[in-house]
Structures are given as C-alpha cells and as structure tokens.
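Engineer: This is run34.pdb, which holds PDB, C-alpha atoms, pLDDT in the B column:
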ATOM      1  CA  MET A  24      27.364  80.090  -4.839  1.00 41.00           C
ATOM      2  CA  ILE A  25      25.152  81.375  -2.034  1.00 59.00           C
ATOM      3  CA  GLY A  26      25.842  84.948  -3.194  1.00 69.00           C
ATOM      4  CA  LYS A  27      24.387  84.502  -6.696  1.00 69.00           C
ATOM      5  CA  SER A  28      21.446  82.405  -5.511  1.00 76.00           C
ATOM      6  CA  LEU A  29      20.737  84.996  -2.784  1.00 72.00           C
ATOM      7  CA  ILE A  30      20.748  87.806  -5.367  1.00 74.00           C
ATOM      8  CA  ASP A  31      18.480  85.761  -7.652  1.00 75.00           C
ATOM      9  CA  CYS A  32      16.114  85.092  -4.753  1.00 77.00           C
ATOM     10  CA  ILE A  33      15.946  88.794  -3.820  1.00 74.00           C
ATOM     11  CA  ALA A  34      15.450  89.787  -7.480  1.00 75.00           C
ATOM     12  CA  GLY A  35      12.569  87.316  -7.667  1.00 76.00           C
ATOM     13  CA  GLN A  36      10.812  88.950  -4.712  1.00 72.00           C
ATOM     14  CA  TRP A  37      11.672  92.630  -5.159  1.00 72.00           C
ATOM     15  CA  SER A  38      12.548  94.935  -7.996  1.00 72.00           C
ATOM     16  CA  PRO A  39      13.121  98.674  -7.883  1.00 69.00           C
ATOM     17  CA  GLY A  40      10.096 100.578  -9.029  1.00 67.00           C
ATOM     18  CA  ILE A  41       7.568 103.136  -7.971  1.00 65.00           C
ATOM     19  CA  GLY A  42       6.316 101.872  -4.621  1.00 66.00           C
ATOM     20  CA  ASP A  43       3.484 104.341  -4.097  1.00 70.00           C
ATOM     21  CA  PRO A  44       2.301 105.517  -7.528  1.00 74.00           C
ATOM     22  CA  ASN A  45      -0.852 107.279  -6.306  1.00 80.00           C
ATOM     23  CA  ALA A  46      -1.325 110.997  -5.651  1.00 80.00           C
ATOM     24  CA  THR A  47      -0.870 110.743  -1.885  1.00 81.00           C
ATOM     25  CA  GLY A  48       2.358 108.793  -2.365  1.00 83.00           C
ATOM     26  CA  TRP A  49       3.783 111.485  -4.629  1.00 88.00           C
ATOM     27  CA  LEU A  50       2.560 114.258  -2.318  1.00 91.00           C
ATOM     28  CA  THR A  51       4.384 112.574   0.544  1.00 91.00           C
ATOM     29  CA  VAL A  52       7.569 112.358  -1.543  1.00 92.00           C
ATOM     30  CA  LEU A  53       7.221 116.081  -2.299  1.00 95.00           C
ATOM     31  CA  ALA A  54       6.688 116.765   1.421  1.00 96.00           C
ATOM     32  CA  TYR A  55       9.891 114.860   2.241  1.00 96.00           C
ATOM     33  CA  LEU A  56      11.776 116.834  -0.416  1.00 97.00           C
ATOM     34  CA  LEU A  57      10.316 120.116   0.860  1.00 98.00           C
ATOM     35  CA  CYS A  58      11.461 119.227   4.395  1.00 97.00           C
ATOM     36  CA  PHE A  59      14.866 118.321   2.961  1.00 98.00           C
ATOM     37  CA  GLY A  60      15.132 121.743   1.296  1.00 97.00           C
ATOM     38  CA  LEU A  61      13.994 123.538   4.441  1.00 98.00           C
ATOM     39  CA  ALA A  62      16.463 121.541   6.555  1.00 97.00           C
ATOM     40  CA  VAL A  63      19.281 122.518   4.177  1.00 97.00           C
ATOM     41  CA  ALA A  64      18.300 126.188   4.534  1.00 97.00           C
ATOM     42  CA  VAL A  65      18.172 125.944   8.347  1.00 96.00           C
ATOM     43  CA  TRP A  66      21.478 124.032   8.430  1.00 96.00           C
ATOM     44  CA  ARG A  67      23.141 126.778   6.388  1.00 95.00           C
ATOM     45  CA  ARG A  68      21.570 129.510   8.476  1.00 95.00           C
ATOM     46  CA  LEU A  69      22.721 128.058  11.787  1.00 92.00           C
ATOM     47  CA  GLY A  70      26.391 128.165  10.838  1.00 87.00           C
ATOM     48  CA  GLY A  71      28.363 127.172  13.932  1.00 83.00           C
ATOM     49  CA  GLN A  72      25.389 127.373  16.314  1.00 86.00           C
ATOM     50  CA  ARG A  73      24.032 124.505  18.390  1.00 84.00           C
ATOM     51  CA  GLY A  74      21.348 122.596  16.580  1.00 88.00           C
ATOM     52  CA  ARG A  75      23.154 122.556  13.238  1.00 91.00           C
ATOM     53  CA  ALA A  76      24.036 118.852  13.512  1.00 90.00           C
ATOM     54  CA  PHE A  77      20.380 118.114  14.329  1.00 92.00           C
ATOM     55  CA  TRP A  78      19.261 119.798  11.112  1.00 95.00           C
ATOM     56  CA  GLY A  79      22.027 117.983   9.226  1.00 93.00           C
ATOM     57  CA  LEU A  80      20.538 114.718  10.465  1.00 92.00           C
ATOM     58  CA  ILE A  81      17.083 115.855   9.358  1.00 95.00           C
ATOM     59  CA  MET A  82      18.501 116.638   5.891  1.00 96.00           C
ATOM     60  CA  VAL A  83      19.916 113.118   5.509  1.00 95.00           C
ATOM     61  CA  LEU A  84      16.785 111.431   6.871  1.00 93.00           C
ATOM     62  CA  MET A  85      14.401 113.433   4.676  1.00 96.00           C
ATOM     63  CA  LEU A  86      16.361 112.646   1.512  1.00 95.00           C
ATOM     64  CA  PHE A  87      16.627 108.949   2.404  1.00 93.00           C
ATOM     65  CA  LEU A  88      12.926 108.689   3.276  1.00 91.00           C
ATOM     66  CA  ALA A  89      11.923 110.469   0.027  1.00 92.00           C
ATOM     67  CA  VAL A  90      13.886 107.922  -2.005  1.00 90.00           C
ATOM     68  CA  ASN A  91      12.664 105.034   0.157  1.00 85.00           C
ATOM     69  CA  LYS A  92       9.033 106.131  -0.188  1.00 83.00           C
ATOM     70  CA  GLN A  93       9.065 105.329  -3.886  1.00 81.00           C
ATOM     71  CA  LEU A  94      11.722 102.600  -4.154  1.00 81.00           C
ATOM     72  CA  ASP A  95      10.237 100.631  -1.235  1.00 76.00           C
ATOM     73  CA  LEU A  96      13.691  99.700   0.117  1.00 77.00           C
ATOM     74  CA  GLN A  97      12.225  98.115   3.246  1.00 75.00           C
ATOM     75  CA  SER A  98      10.651  95.481   0.995  1.00 75.00           C
ATOM     76  CA  ALA A  99      14.115  94.763  -0.423  1.00 77.00           C
ATOM     77  CA  LEU A 100      15.410  94.357   3.140  1.00 77.00           C
ATOM     78  CA  THR A 101      12.524  91.992   3.946  1.00 77.00           C
ATOM     79  CA  ALA A 102      13.211  89.979   0.774  1.00 79.00           C
ATOM     80  CA  TRP A 103      16.918  89.826   1.637  1.00 80.00           C
ATOM     81  CA  GLY A 104      16.140  88.539   5.157  1.00 80.00           C
ATOM     82  CA  ARG A 105      13.665  85.964   3.884  1.00 82.00           C
ATOM     83  CA  CYS A 106      16.063  84.714   1.185  1.00 82.00           C
ATOM     84  CA  LEU A 107      19.005  84.623   3.607  1.00 81.00           C
ATOM     85  CA  ALA A 108      16.944  82.663   6.148  1.00 82.00           C
ATOM     86  CA  ARG A 109      16.002  80.092   3.514  1.00 83.00           C
ATOM     87  CA  ALA A 110      19.530  79.851   2.117  1.00 81.00           C
ATOM     88  CA  GLN A 111      21.069  79.366   5.563  1.00 82.00           C
ATOM     89  CA  GLY A 112      18.331  77.043   6.816  1.00 82.00           C
ATOM     90  CA  TRP A 113      16.924  79.094   9.700  1.00 83.00           C
ATOM     91  CA  TYR A 114      13.661  80.178   8.059  1.00 83.00           C
ATOM     92  CA  ALA A 115      11.629  78.247  10.659  1.00 84.00           C
ATOM     93  CA  GLN A 116      13.269  80.335  13.415  1.00 80.00           C
ATOM     94  CA  ARG A 117      12.847  83.662  11.594  1.00 78.00           C
ATOM     95  CA  ARG A 118      10.430  85.031  14.229  1.00 79.00           C
ATOM     96  CA  PHE A 119      13.281  85.354  16.736  1.00 81.00           C
ATOM     97  CA  VAL A 120      15.358  87.295  14.190  1.00 79.00           C
ATOM     98  CA  GLN A 121      12.376  89.512  13.329  1.00 77.00           C
ATOM     99  CA  GLU A 122      11.756  90.257  16.997  1.00 79.00           C
ATOM    100  CA  ALA A 123      15.458  91.008  17.556  1.00 83.00           C
ATOM    101  CA  PHE A 124      15.433  93.343  14.544  1.00 80.00           C
ATOM    102  CA  ILE A 125      12.351  95.185  15.808  1.00 78.00           C
ATOM    103  CA  PHE A 126      13.865  95.407  19.299  1.00 84.00           C
ATOM    104  CA  GLY A 127      17.034  96.826  17.720  1.00 86.00           C
ATOM    105  CA  LEU A 128      14.971  99.420  15.848  1.00 80.00           C
ATOM    106  CA  LEU A 129      13.215 100.414  19.064  1.00 82.00           C
ATOM    107  CA  LEU A 130      16.552 100.750  20.864  1.00 88.00           C
ATOM    108  CA  LEU A 131      17.932 102.822  18.005  1.00 86.00           C
ATOM    109  CA  ALA A 132      14.882 105.107  18.091  1.00 82.00           C
ATOM    110  CA  ALA A 133      15.129 105.487  21.884  1.00 86.00           C
ATOM    111  CA  ALA A 134      18.862 106.235  21.645  1.00 89.00           C
ATOM    112  CA  GLY A 135      18.136 108.780  18.913  1.00 83.00           C
ATOM    113  CA  LEU A 136      15.508 110.477  21.063  1.00 84.00           C
ATOM    114  CA  ILE A 137      17.843 110.635  24.059  1.00 88.00           C
ATOM    115  CA  ALA A 138      20.677 111.943  21.872  1.00 85.00           C
ATOM    116  CA  GLY A 139      18.311 114.552  20.423  1.00 82.00           C
ATOM    117  CA  LEU A 140      17.183 115.709  23.850  1.00 83.00           C
ATOM    118  CA  VAL A 141      20.756 115.872  25.160  1.00 85.00           C
ATOM    119  CA  GLY A 142      22.105 117.504  22.005  1.00 81.00           C
ATOM    120  CA  LEU A 143      19.375 120.130  21.991  1.00 86.00           C
ATOM    121  CA  ARG A 144      19.624 120.837  25.711  1.00 84.00           C
ATOM    122  CA  GLY A 145      19.055 124.549  26.144  1.00 84.00           C
ATOM    123  CA  ARG A 146      17.817 124.832  22.527  1.00 86.00           C
ATOM    124  CA  LEU A 147      14.782 122.563  22.766  1.00 86.00           C
ATOM    125  CA  ARG A 148      12.437 125.514  22.583  1.00 89.00           C
ATOM    126  CA  ARG A 149      13.912 126.489  19.228  1.00 92.00           C
ATOM    127  CA  HIS A 150      14.106 122.982  17.709  1.00 92.00           C
ATOM    128  CA  GLY A 151      11.579 120.987  19.762  1.00 91.00           C
ATOM    129  CA  VAL A 152       8.762 121.013  17.197  1.00 94.00           C
ATOM    130  CA  ALA A 153      11.077 119.409  14.632  1.00 95.00           C
ATOM    131  CA  LEU A 154      12.149 116.850  17.243  1.00 92.00           C
ATOM    132  CA  ALA A 155       8.466 116.084  17.853  1.00 92.00           C
ATOM    133  CA  GLY A 156       8.070 115.651  14.079  1.00 94.00           C
ATOM    134  CA  LEU A 157      10.953 113.177  14.030  1.00 92.00           C
ATOM    135  CA  ILE A 158       9.334 111.286  16.909  1.00 89.00           C
ATOM    136  CA  VAL A 159       6.073 111.056  14.941  1.00 89.00           C
ATOM    137  CA  LEU A 160       7.989 109.809  11.869  1.00 90.00           C
ATOM    138  CA  ALA A 161       9.921 107.294  13.995  1.00 85.00           C
ATOM    139  CA  ALA A 162       6.630 106.049  15.462  1.00 82.00           C
ATOM    140  CA  PHE A 163       5.218 105.714  11.945  1.00 82.00           C
ATOM    141  CA  VAL A 164       8.274 103.739  10.795  1.00 78.00           C
ATOM    142  CA  MET A 165       8.066 101.510  13.892  1.00 76.00           C
ATOM    143  CA  VAL A 166       4.385 100.791  13.324  1.00 73.00           C
ATOM    144  CA  ARG A 167       5.103  99.904   9.702  1.00 71.00           C
ATOM    145  CA  ALA A 168       8.141  97.773  10.644  1.00 65.00           C
ATOM    146  CA  VAL A 169       6.347  95.908  13.405  1.00 65.00           C
ATOM    147  CA  SER A 170       3.267  95.605  11.214  1.00 61.00           C
ATOM    148  CA  PHE A 171       0.734  94.890  13.924  1.00 51.00           C
ATOM    149  CA  HIS A 172      -2.279  93.968  11.841  1.00 45.00           C
ATOM    150  CA  HIS A 173      -4.838  95.832  13.982  1.00 47.00           C
ATOM    151  CA  VAL A 174      -2.666  98.973  13.919  1.00 49.00           C
ATOM    152  CA  ASP A 175      -2.097  98.580  10.165  1.00 52.00           C
ATOM    153  CA  ARG A 176      -5.853  98.367   9.701  1.00 57.00           C
ATOM    154  CA  LEU A 177      -6.397 101.457  11.861  1.00 56.00           C
ATOM    155  CA  ILE A 178      -3.888 103.653  10.002  1.00 54.00           C
ATOM    156  CA  GLY A 179      -5.145 102.257   6.705  1.00 58.00           C
ATOM    157  CA  LEU A 180      -8.680 103.538   7.310  1.00 61.00           C
ATOM    158  CA  ASN A 181      -9.833 106.417   5.136  1.00 64.00           C
ATOM    159  CA  GLN A 182     -11.136 109.682   6.544  1.00 62.00           C
ATOM    160  CA  PHE A 183     -12.617 112.011   3.940  1.00 60.00           C
ATOM    161  CA  GLY A 184     -10.871 110.036   1.194  1.00 66.00           C
ATOM    162  CA  VAL A 185      -7.418 110.226   2.820  1.00 70.00           C
ATOM    163  CA  SER A 186      -5.804 107.280   4.600  1.00 70.00           C
ATOM    164  CA  GLY A 187      -4.715 107.494   8.212  1.00 71.00           C
ATOM    165  CA  ASN A 188      -1.364 106.197   6.975  1.00 77.00           C
ATOM    166  CA  TYR A 189      -0.903 109.348   4.878  1.00 80.00           C
ATOM    167  CA  LEU A 190      -2.036 111.620   7.723  1.00 84.00           C
ATOM    168  CA  PHE A 191       0.199 109.910  10.307  1.00 82.00           C
ATOM    169  CA  GLU A 192       3.324 110.114   8.125  1.00 87.00           C
ATOM    170  CA  ASN A 193       2.696 113.668   6.962  1.00 92.00           C
ATOM    171  CA  ALA A 194       1.925 114.963  10.472  1.00 92.00           C
ATOM    172  CA  GLY A 195       5.596 114.511  11.337  1.00 94.00           C
ATOM    173  CA  LEU A 196       6.632 116.249   8.122  1.00 96.00           C
ATOM    174  CA  VAL A 197       4.340 119.208   8.846  1.00 97.00           C
ATOM    175  CA  LEU A 198       5.901 119.634  12.304  1.00 97.00           C
ATOM    176  CA  ILE A 199       9.421 119.594  10.836  1.00 97.00           C
ATOM    177  CA  ALA A 200       8.451 122.076   8.119  1.00 97.00           C
ATOM    178  CA  LEU A 201       6.735 124.433  10.601  1.00 97.00           C
ATOM    179  CA  ASN A 202       9.796 124.464  12.856  1.00 97.00           C
ATOM    180  CA  ALA A 203      12.115 125.102   9.891  1.00 97.00           C
ATOM    181  CA  VAL A 204       9.967 127.984   8.615  1.00 97.00           C
ATOM    182  CA  ALA A 205       9.846 129.508  12.122  1.00 96.00           C
ATOM    183  CA  ILE A 206      13.648 129.417  12.358  1.00 95.00           C
ATOM    184  CA  LEU A 207      14.086 130.836   8.864  1.00 95.00           C
ATOM    185  CA  ARG A 208      11.638 133.696   9.553  1.00 94.00           C
ATOM    186  CA  ARG A 209      13.465 134.859  12.677  1.00 89.00           C
ATOM    187  CA  PRO A 210      15.881 137.693  12.109  1.00 85.00           C
ATOM    188  CA  GLN A 211      19.400 136.388  11.982  1.00 75.00           C
ATOM    189  CA  SER A 212      21.527 137.547  14.869  1.00 64.00           C
ATOM    190  CA  PRO A 213      24.550 139.482  13.672  1.00 56.00           C
ATOM    191  CA  ALA A 214      27.945 137.846  13.918  1.00 50.00           C
ATOM    192  CA  PRO A 215      30.048 139.150  16.787  1.00 46.00           C
ATOM    193  CA  GLN A 216      32.441 141.893  15.782  1.00 47.00           C
ATOM    194  CA  TRP A 217      36.006 141.535  16.991  1.00 48.00           C
ATOM    195  CA  SER A 218      38.079 144.677  17.240  1.00 41.00           C
TER
END
Let me see whether you can do it: turn the structure in this file into structure tokens.

Structural biologist:
Amino acid sequence: MIGKSLIDCIAGQWSPGIGDPNATGWLTVLAYLLCFGLAVAVWRRLGGQRGRAFWGLIMVLMLFLAVNKQLDLQSALTAWGRCLARAQGWYAQRRFVQEAFIFGLLLLAAAGLIAGLVGLRGRLRRHGVALAGLIVLAAFVMVRAVSFHHVDRLIGLNQFGVSGNYLFENAGLVLIALNAVAILRRPQSPAPQWS
C-alpha cells in the first residue's frame, strides 16, 4: 500500500512539464544539446586515444542535463524524498538525510574530479578546458542542490537582463564547447601504417 500512496504523493507534488519555459531556459537546453553533439563528434574523432571515455561521459551528462533542464527531475527527487519521509515517519529528521545526501553529492563530485585528473594525466592540456567546464557545472549543480539562500539570491540577480544563474550554468557549457571545437579543428593525426 505504501507504493501506491507514495506514487500518489509524488504525483501531487510534481508532474512532468516544461520546467524553464522562458527564452534563457530554452537557450540553455540548446547549449546542452550543442555540447552533446560536439562531445559525440570528439568521441568519434578520438577513436582509441586517451580521453575518449572522458568525452563519452560528457556526452551522457550533456544529454541528461538537457532533459533535466526542462523536466525538472530534481524536483521529482525532492518530492519523492519528502513523500517517503512522511510515509515512513522520519520527516522530522529529514535534515540529517538532506545533509547526508548533499555530503554524498560532494563526495561524488570530488571523486569525479580526481578520476578526471587521473584519467587525463598527460592529456590535461588537450582536455583540461572541458574538465574546467565540468567543474563549473558541478559547482552550479551543488549550489542548486544545497540551495543556500544567500547564494541562490546572488546567482538569481540580473545583470543586463540576464540572471547570474543562466551565466553560471552556461559558463561551464561554453568551456566544454570551446575545448571540443579546438580538438575538432586540429588536424587528425594519421593512423600508424603497419607493413
């Protein structure tokens, strides 16, 4: 019975729909899709070279974040946690679970950064700008997940009619796109000839 009531609770708090229906929201989705396309091109170009797995990860992340940007899946996760806490009777202690979740996200981001640095060892010069872009995106996601109100207010401020939120998120995407374009513009080294 908890399964159906949990689903009903989540459906009452979240429904799939366009999460960011304004122009900047759609531009960000297009930027994610552009980075996805560029990552696919770089992934194909690298063949068996080091760095290919890194660009494969970027492909998956960009596609997921494009979908998430408009479906607002993190709100579904929040609704699920809230409904589960109420159904299981630990809603009053939810702060501990929230803090553990945020700590887990931070650990995952740190592990990802370390894995990226180790995996790109010797190739950081070629892929480092994209790694920096992923770090900016991870920082953006962390700020949004932690939802510190003073930070939320700061990134929500408008500069010249554009929110800091939009600029922060898209800065990471620009870095990824620039690195991809730089790799794609380099002449491809010929495959070794075996006689």

Engineer: The PyMOL selection byres ((chain A and resi 61) around 10) on the file shown: which residues, as a PyMOL selection string?

Structural biologist: chain A and resi 55-60+62-67+78+81-82+199-204+206-207

Engineer: I would like the residues chosen by the PyMOL selection byres ((chain A and resi 50) around 12) on the shown file; could you give them as a ChimeraX atom specification?

Structural biologist: /A:43-49,51-57,89,92-93,185,189-190,192-193,196

Engineer: I'd like the interatomic distance between atom CA of Arg73 of chain A and atom CA of Gly142 of chain A, to a tenth of an Å.

Structural biologist: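 Pair atom CA of Arg73 of chain A / atom CA of Gly142 of chain A returns 8.1 Å.
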
Engineer: Atom CA of Ala34 of chain A to atom CA of Asn91 of chain A: how many Å, to one decimal?

Structural biologist: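 Spanning atom CA of Ala34 of chain A to atom CA of Asn91 of chain A is a straight-line distance of 17.3 Å.
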
Engineer: To test your reading of the syntax: which residues would the PyMOL selection byres ((chain A and resi 72) around 12) return for the file shown? Reply as a PyMOL selection string.

Structural biologist: chain A and resi 65-71+73-78+142-143+146+149+211-212+214

Engineer: Those same residues, written as a tab-separated table (two decimals), keeping the file's coordinate frame with C-alpha atoms?

Structural biologist:
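Output saved as selection_22.tsv:
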chain	number	residue	atom	x	y	z
A	65	VAL	CA	18.17	125.94	8.35
A	66	TRP	CA	21.48	124.03	8.43
A	67	ARG	CA	23.14	126.78	6.39
A	68	ARG	CA	21.57	129.51	8.48
A	69	LEU	CA	22.72	128.06	11.79
A	70	GLY	CA	26.39	128.16	10.84
A	71	GLY	CA	28.36	127.17	13.93
A	73	ARG	CA	24.03	124.50	18.39
A	74	GLY	CA	21.35	122.60	16.58
A	75	ARG	CA	23.15	122.56	13.24
A	76	ALA	CA	24.04	118.85	13.51
A	77	PHE	CA	20.38	118.11	14.33
A	78	TRP	CA	19.26	119.80	11.11
A	142	GLY	CA	22.10	117.50	22.00
A	143	LEU	CA	19.38	120.13	21.99
A	146	ARG	CA	17.82	124.83	22.53
A	149	ARG	CA	13.91	126.49	19.23
A	211	GLN	CA	19.40	136.39	11.98
A	212	SER	CA	21.53	137.55	14.87
A	214	ALA	CA	27.94	137.85	13.92

Engineer: Could you work out how far atom CA of Asp95 of chain A lies from atom CA of Tyr114 of chain A, giving the answer in Å with one decimal?

Structural biologist: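 Taking atom CA of Tyr114 of chain A and atom CA of Asp95 of chain A, their separation equals 22.7 Å.
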
Engineer: Take the point (11.1, 95.8, -2.8) in the file's coordinates, draw a sphere of radius 6 Å around it, and report as a PyMOL selection string every protein, DNA or RNA residue with an atom inside or on it, counting only C-alpha atoms.

Structural biologist: chain A and resi 37-38+95-96+98-99

Engineer: Around all listed atoms of segment 134-152 of chain A, padded 4 Å per side, what centre and edge lengths does the axis-aligned box have in Å to one decimal, as AutoDock Vina command-line options?

Structural biologist:
--center_x 15.4 --center_y 116.4 --center_z 21.7 --size_x 21.3 --size_y 28.3 --size_z 16.9

Engineer: So, counting all atoms listed in the file, which residue among A:Ala132, A:Ala153, A:Trp103, A:Arg167 is closest to Ser28 of chain A?

Structural biologist: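 Closest residue, counting all atoms listed in the file: A:Trp103.
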